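Trainee: Quick one: the structure is below, and I'll ask about it shortly.
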Amino acid sequence: MSIVSGILEEELNRLENLQSKYSANLASLPKGALRKRKIGQKVYLYLISRKGEHVVTDYLCQEGSPEAERFEEQDAKRRELKVKMKKVKEDLAEIRRSLGKLGRK
């Protein structure tokens with residue numbers, strides 16, 4: 001085994017572990033997008049998600065409450081994890097291509 005293929009295999013294992021960690025974290029967060037609606041003078045938070053073919057809107061809380069802050073933090077964390085997950089998938093594909101060129105899979 002060459003040094004390069006050894007390093008690539010270590011990186012492949014590291015990225016696969018990161019991918020499983022990120023997917024587990026994503027599964028623990030609510031699916032969907034957080035939306036704000038102003039009705040009268042008040043702003044309300046809703047979770048927009050998809051159930052099969054239908055788009056479902058669920059009321060969460062009024063903006064400014066402690067629950068709203070928690071939902072906004074979860075939404076920001078979910079978005080951040082999705083960006084990281086996309087980068088990991090791209091890196092995994094690149095490493096698998098490189099290992100394939102070296103004769104290892």
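Following the order of the structure tokens, first chain is A, next is B, and so on, with residues numbered from 1 inside each chain and ligands from 1 in the order they appear.
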So which residues touch Glu9 (chain A) within 9 Å, counting only C-alpha atoms, skipping near sequence neighbours fewer than 6 positions away, as a list in words?

Mentor: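 Non-adjacent residues within range: Ile95, Arg96 and Leu99 of chain A.
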
Trainee: Please identify the alpha helix (DSSP H) residues within chain A (assignment by DSSP from backbone atoms) and present them as a ChimeraX atom specification.

Mentor: /A:3-28,66-101

Trainee: Could you write out the selected residues, including C-alpha atoms, as a PDB file, in the first residue's frame?

Mentor:
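Output saved as selection-v6.pdb:
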ATOM      1  CA  ILE A   3       1.572   6.231   1.427  1.00  0.00           C
ATOM      2  CA  VAL A   4      -0.885   8.279  -0.623  1.00  0.00           C
ATOM      3  CA  SER A   5      -3.537   5.567  -0.712  1.00  0.00           C
ATOM      4  CA  GLY A   6      -3.124   5.052   3.046  1.00  0.00           C
ATOM      5  CA  ILE A   7      -3.689   8.727   3.685  1.00  0.00           C
ATOM      6  CA  LEU A   8      -6.698   8.760   1.353  1.00  0.00           C
ATOM      7  CA  GLU A   9      -8.232   5.755   3.115  1.00  0.00           C
ATOM      8  CA  GLU A  10      -7.767   7.433   6.507  1.00  0.00           C
ATOM      9  CA  GLU A  11      -9.442  10.565   5.151  1.00  0.00           C
ATOM     10  CA  LEU A  12     -12.248   8.430   3.705  1.00  0.00           C
ATOM     11  CA  ASN A  13     -12.869   6.854   7.132  1.00  0.00           C
ATOM     12  CA  ARG A  14     -12.788  10.260   8.822  1.00  0.00           C
ATOM     13  CA  LEU A  15     -15.285  11.718   6.352  1.00  0.00           C
ATOM     14  CA  GLU A  16     -17.614   8.711   6.650  1.00  0.00           C
ATOM     15  CA  ASN A  17     -17.600   9.144  10.442  1.00  0.00           C
ATOM     16  CA  LEU A  18     -18.345  12.861  10.043  1.00  0.00           C
ATOM     17  CA  GLN A  19     -21.177  12.088   7.633  1.00  0.00           C
ATOM     18  CA  SER A  20     -22.826   9.679  10.068  1.00  0.00           C
ATOM     19  CA  LYS A  21     -22.388  12.179  12.926  1.00  0.00           C
ATOM     20  CA  TYR A  22     -23.915  15.016  10.888  1.00  0.00           C
ATOM     21  CA  SER A  23     -26.833  12.883   9.705  1.00  0.00           C
ATOM     22  CA  ALA A  24     -27.570  11.823  13.304  1.00  0.00           C
ATOM     23  CA  ASN A  25     -27.512  15.471  14.399  1.00  0.00           C
ATOM     24  CA  LEU A  26     -29.772  16.456  11.493  1.00  0.00           C
ATOM     25  CA  ALA A  27     -32.236  13.716  12.415  1.00  0.00           C
ATOM     26  CA  SER A  28     -32.533  15.145  15.930  1.00  0.00           C
ATOM     27  CA  PRO A  66     -37.800  31.930  24.828  1.00  0.00           C
ATOM     28  CA  GLU A  67     -39.269  29.181  22.635  1.00  0.00           C
ATOM     29  CA  ALA A  68     -38.762  31.369  19.561  1.00  0.00           C
ATOM     30  CA  GLU A  69     -35.077  31.770  20.365  1.00  0.00           C
ATOM     31  CA  ARG A  70     -34.726  28.006  20.752  1.00  0.00           C
ATOM     32  CA  PHE A  71     -36.458  27.365  17.408  1.00  0.00           C
ATOM     33  CA  GLU A  72     -34.296  29.970  15.666  1.00  0.00           C
ATOM     34  CA  GLU A  73     -31.132  28.400  17.113  1.00  0.00           C
ATOM     35  CA  GLN A  74     -32.256  24.966  15.924  1.00  0.00           C
ATOM     36  CA  ASP A  75     -32.999  26.328  12.457  1.00  0.00           C
ATOM     37  CA  ALA A  76     -29.578  27.994  12.242  1.00  0.00           C
ATOM     38  CA  LYS A  77     -27.885  24.797  13.423  1.00  0.00           C
ATOM     39  CA  ARG A  78     -29.834  22.738  10.855  1.00  0.00           C
ATOM     40  CA  ARG A  79     -28.809  25.070   8.041  1.00  0.00           C
ATOM     41  CA  GLU A  80     -25.173  24.980   9.162  1.00  0.00           C
ATOM     42  CA  LEU A  81     -25.192  21.177   9.340  1.00  0.00           C
ATOM     43  CA  LYS A  82     -26.703  20.925   5.860  1.00  0.00           C
ATOM     44  CA  VAL A  83     -23.876  23.068   4.456  1.00  0.00           C
ATOM     45  CA  LYS A  84     -21.277  20.929   6.245  1.00  0.00           C
ATOM     46  CA  MET A  85     -22.978  17.731   5.062  1.00  0.00           C
ATOM     47  CA  LYS A  86     -22.887  18.929   1.459  1.00  0.00           C
ATOM     48  CA  LYS A  87     -19.154  19.669   1.736  1.00  0.00           C
ATOM     49  CA  VAL A  88     -18.485  16.235   3.266  1.00  0.00           C
ATOM     50  CA  LYS A  89     -20.396  14.507   0.448  1.00  0.00           C
ATOM     51  CA  GLU A  90     -18.372  16.398  -2.160  1.00  0.00           C
ATOM     52  CA  ASP A  91     -15.112  15.482  -0.409  1.00  0.00           C
ATOM     53  CA  LEU A  92     -16.173  11.830  -0.136  1.00  0.00           C
ATOM     54  CA  ALA A  93     -16.899  11.674  -3.859  1.00  0.00           C
ATOM     55  CA  GLU A  94     -13.519  13.221  -4.658  1.00  0.00           C
ATOM     56  CA  ILE A  95     -11.628  10.803  -2.406  1.00  0.00           C
ATOM     57  CA  ARG A  96     -13.496   7.797  -3.797  1.00  0.00           C
ATOM     58  CA  ARG A  97     -12.578   8.924  -7.317  1.00  0.00           C
ATOM     59  CA  SER A  98      -8.944   9.292  -6.259  1.00  0.00           C
ATOM     60  CA  LEU A  99      -8.897   5.869  -4.632  1.00  0.00           C
ATOM     61  CA  GLY A 100     -10.505   4.383  -7.739  1.00  0.00           C
ATOM     62  CA  LYS A 101      -7.716   5.827  -9.881  1.00  0.00           C
TER      63      LYS A 101
END

Trainee: Using only C-alpha atoms, find each residue of region 11-37 of chain A with at least one atom at most 8 Å away from an atom of region 49-64 of chain A; report its shortest atom-to-atom pair and that distance in Å (one decimal), sort the rows by chain and rising residue number, and return the result as a tab-separated table.

Mentor:
residue	atom	partner	partner_atom	distance
A:Lys31	CA	A:Ser49	CA	6.4
A:Gly32	CA	A:Ser49	CA	4.2
A:Ala33	CA	A:Ser49	CA	6.5

Trainee: Output as a list in words all residues of region 16-104 of chain A that backbone DSSP marks as strand (DSSP E or B).

Mentor: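 Here are the strand (DSSP E or B) residues of region 16-104 of chain A: Ala33, Leu34, Arg35, Lys36, Arg37, Lys38, Ile39, Lys42, Val43, Tyr44, Leu45, Tyr46, Leu47, Ile48, Ser49, Arg50, Lys51, His54, Val55, Val56, Thr57, Asp58, Tyr59, Leu60, Cys61 and Gln62 of chain A.
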
Trainee: Create the file for the chosen residues now, containing N, CA and C atoms and written as a PDB file, in the first residue's frame.

Mentor:
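This went into again.pdb:
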ATOM      1  N   ALA A  33     -38.483  24.497   7.270  1.00  0.00           N
ATOM      2  CA  ALA A  33     -37.934  25.846   7.335  1.00  0.00           C
ATOM      3  C   ALA A  33     -38.757  26.692   8.298  1.00  0.00           C
ATOM      4  N   LEU A  34     -38.082  27.571   8.981  1.00  0.00           N
ATOM      5  CA  LEU A  34     -38.728  28.475   9.925  1.00  0.00           C
ATOM      6  C   LEU A  34     -39.154  29.736   9.177  1.00  0.00           C
ATOM      7  N   ARG A  35     -40.410  30.113   9.310  1.00  0.00           N
ATOM      8  CA  ARG A  35     -40.927  31.306   8.654  1.00  0.00           C
ATOM      9  C   ARG A  35     -41.619  32.201   9.670  1.00  0.00           C
ATOM     10  N   LYS A  36     -41.519  33.513   9.426  1.00  0.00           N
ATOM     11  CA  LYS A  36     -42.174  34.494  10.290  1.00  0.00           C
ATOM     12  C   LYS A  36     -43.327  35.116   9.523  1.00  0.00           C
ATOM     13  N   ARG A  37     -44.440  35.287  10.214  1.00  0.00           N
ATOM     14  CA  ARG A  37     -45.603  35.953   9.627  1.00  0.00           C
ATOM     15  C   ARG A  37     -46.052  37.065  10.563  1.00  0.00           C
ATOM     16  N   LYS A  38     -46.290  38.216   9.980  1.00  0.00           N
ATOM     17  CA  LYS A  38     -46.786  39.332  10.770  1.00  0.00           C
ATOM     18  C   LYS A  38     -48.292  39.392  10.588  1.00  0.00           C
ATOM     19  N   ILE A  39     -49.002  39.256  11.688  1.00  0.00           N
ATOM     20  CA  ILE A  39     -50.459  39.333  11.684  1.00  0.00           C
ATOM     21  C   ILE A  39     -50.825  40.449  12.655  1.00  0.00           C
ATOM     22  N   LYS A  42     -48.294  41.753  15.641  1.00  0.00           N
ATOM     23  CA  LYS A  42     -47.474  40.692  16.223  1.00  0.00           C
ATOM     24  C   LYS A  42     -46.863  39.817  15.136  1.00  0.00           C
ATOM     25  N   VAL A  43     -45.715  39.220  15.468  1.00  0.00           N
ATOM     26  CA  VAL A  43     -45.016  38.326  14.546  1.00  0.00           C
ATOM     27  C   VAL A  43     -45.051  36.920  15.133  1.00  0.00           C
ATOM     28  N   TYR A  44     -45.423  35.960  14.302  1.00  0.00           N
ATOM     29  CA  TYR A  44     -45.543  34.569  14.726  1.00  0.00           C
ATOM     30  C   TYR A  44     -44.589  33.698  13.922  1.00  0.00           C
ATOM     31  N   LEU A  45     -44.087  32.642  14.563  1.00  0.00           N
ATOM     32  CA  LEU A  45     -43.186  31.702  13.901  1.00  0.00           C
ATOM     33  C   LEU A  45     -43.948  30.453  13.488  1.00  0.00           C
ATOM     34  N   TYR A  46     -43.660  29.994  12.273  1.00  0.00           N
ATOM     35  CA  TYR A  46     -44.270  28.784  11.740  1.00  0.00           C
ATOM     36  C   TYR A  46     -43.173  27.878  11.196  1.00  0.00           C
ATOM     37  N   LEU A  47     -43.405  26.579  11.275  1.00  0.00           N
ATOM     38  CA  LEU A  47     -42.504  25.596  10.688  1.00  0.00           C
ATOM     39  C   LEU A  47     -43.159  25.080   9.413  1.00  0.00           C
ATOM     40  N   ILE A  48     -42.494  25.305   8.284  1.00  0.00           N
ATOM     41  CA  ILE A  48     -42.996  24.862   6.984  1.00  0.00           C
ATOM     42  C   ILE A  48     -42.251  23.578   6.637  1.00  0.00           C
ATOM     43  N   SER A  49     -42.994  22.488   6.445  1.00  0.00           N
ATOM     44  CA  SER A  49     -42.364  21.215   6.097  1.00  0.00           C
ATOM     45  C   SER A  49     -43.220  20.478   5.084  1.00  0.00           C
ATOM     46  N   ARG A  50     -42.686  19.401   4.572  1.00  0.00           N
ATOM     47  CA  ARG A  50     -43.372  18.620   3.555  1.00  0.00           C
ATOM     48  C   ARG A  50     -43.742  17.267   4.135  1.00  0.00           C
ATOM     49  N   LYS A  51     -45.006  16.899   3.990  1.00  0.00           N
ATOM     50  CA  LYS A  51     -45.504  15.578   4.390  1.00  0.00           C
ATOM     51  C   LYS A  51     -46.029  14.917   3.126  1.00  0.00           C
ATOM     52  N   HIS A  54     -47.690  17.101   0.209  1.00  0.00           N
ATOM     53  CA  HIS A  54     -48.291  18.320   0.737  1.00  0.00           C
ATOM     54  C   HIS A  54     -47.297  19.136   1.560  1.00  0.00           C
ATOM     55  N   VAL A  55     -47.428  20.442   1.469  1.00  0.00           N
ATOM     56  CA  VAL A  55     -46.654  21.352   2.307  1.00  0.00           C
ATOM     57  C   VAL A  55     -47.509  21.682   3.517  1.00  0.00           C
ATOM     58  N   VAL A  56     -46.932  21.471   4.708  1.00  0.00           N
ATOM     59  CA  VAL A  56     -47.669  21.649   5.953  1.00  0.00           C
ATOM     60  C   VAL A  56     -47.063  22.822   6.719  1.00  0.00           C
ATOM     61  N   THR A  57     -47.914  23.681   7.244  1.00  0.00           N
ATOM     62  CA  THR A  57     -47.488  24.817   8.048  1.00  0.00           C
ATOM     63  C   THR A  57     -47.951  24.587   9.479  1.00  0.00           C
ATOM     64  N   ASP A  58     -47.005  24.523  10.413  1.00  0.00           N
ATOM     65  CA  ASP A  58     -47.321  24.304  11.826  1.00  0.00           C
ATOM     66  C   ASP A  58     -46.968  25.553  12.626  1.00  0.00           C
ATOM     67  N   TYR A  59     -47.908  26.016  13.424  1.00  0.00           N
ATOM     68  CA  TYR A  59     -47.664  27.160  14.300  1.00  0.00           C
ATOM     69  C   TYR A  59     -46.711  26.737  15.409  1.00  0.00           C
ATOM     70  N   LEU A  60     -45.711  27.570  15.691  1.00  0.00           N
ATOM     71  CA  LEU A  60     -44.760  27.266  16.759  1.00  0.00           C
ATOM     72  C   LEU A  60     -44.987  28.167  17.970  1.00  0.00           C
ATOM     73  N   CYS A  61     -44.810  29.481  17.785  1.00  0.00           N
ATOM     74  CA  CYS A  61     -44.949  30.403  18.913  1.00  0.00           C
ATOM     75  C   CYS A  61     -44.893  31.841  18.397  1.00  0.00           C
ATOM     76  N   GLN A  62     -45.001  32.765  19.340  1.00  0.00           N
ATOM     77  CA  GLN A  62     -44.894  34.181  19.013  1.00  0.00           C
ATOM     78  C   GLN A  62     -43.429  34.593  19.114  1.00  0.00           C
TER      79      GLN A  62
END
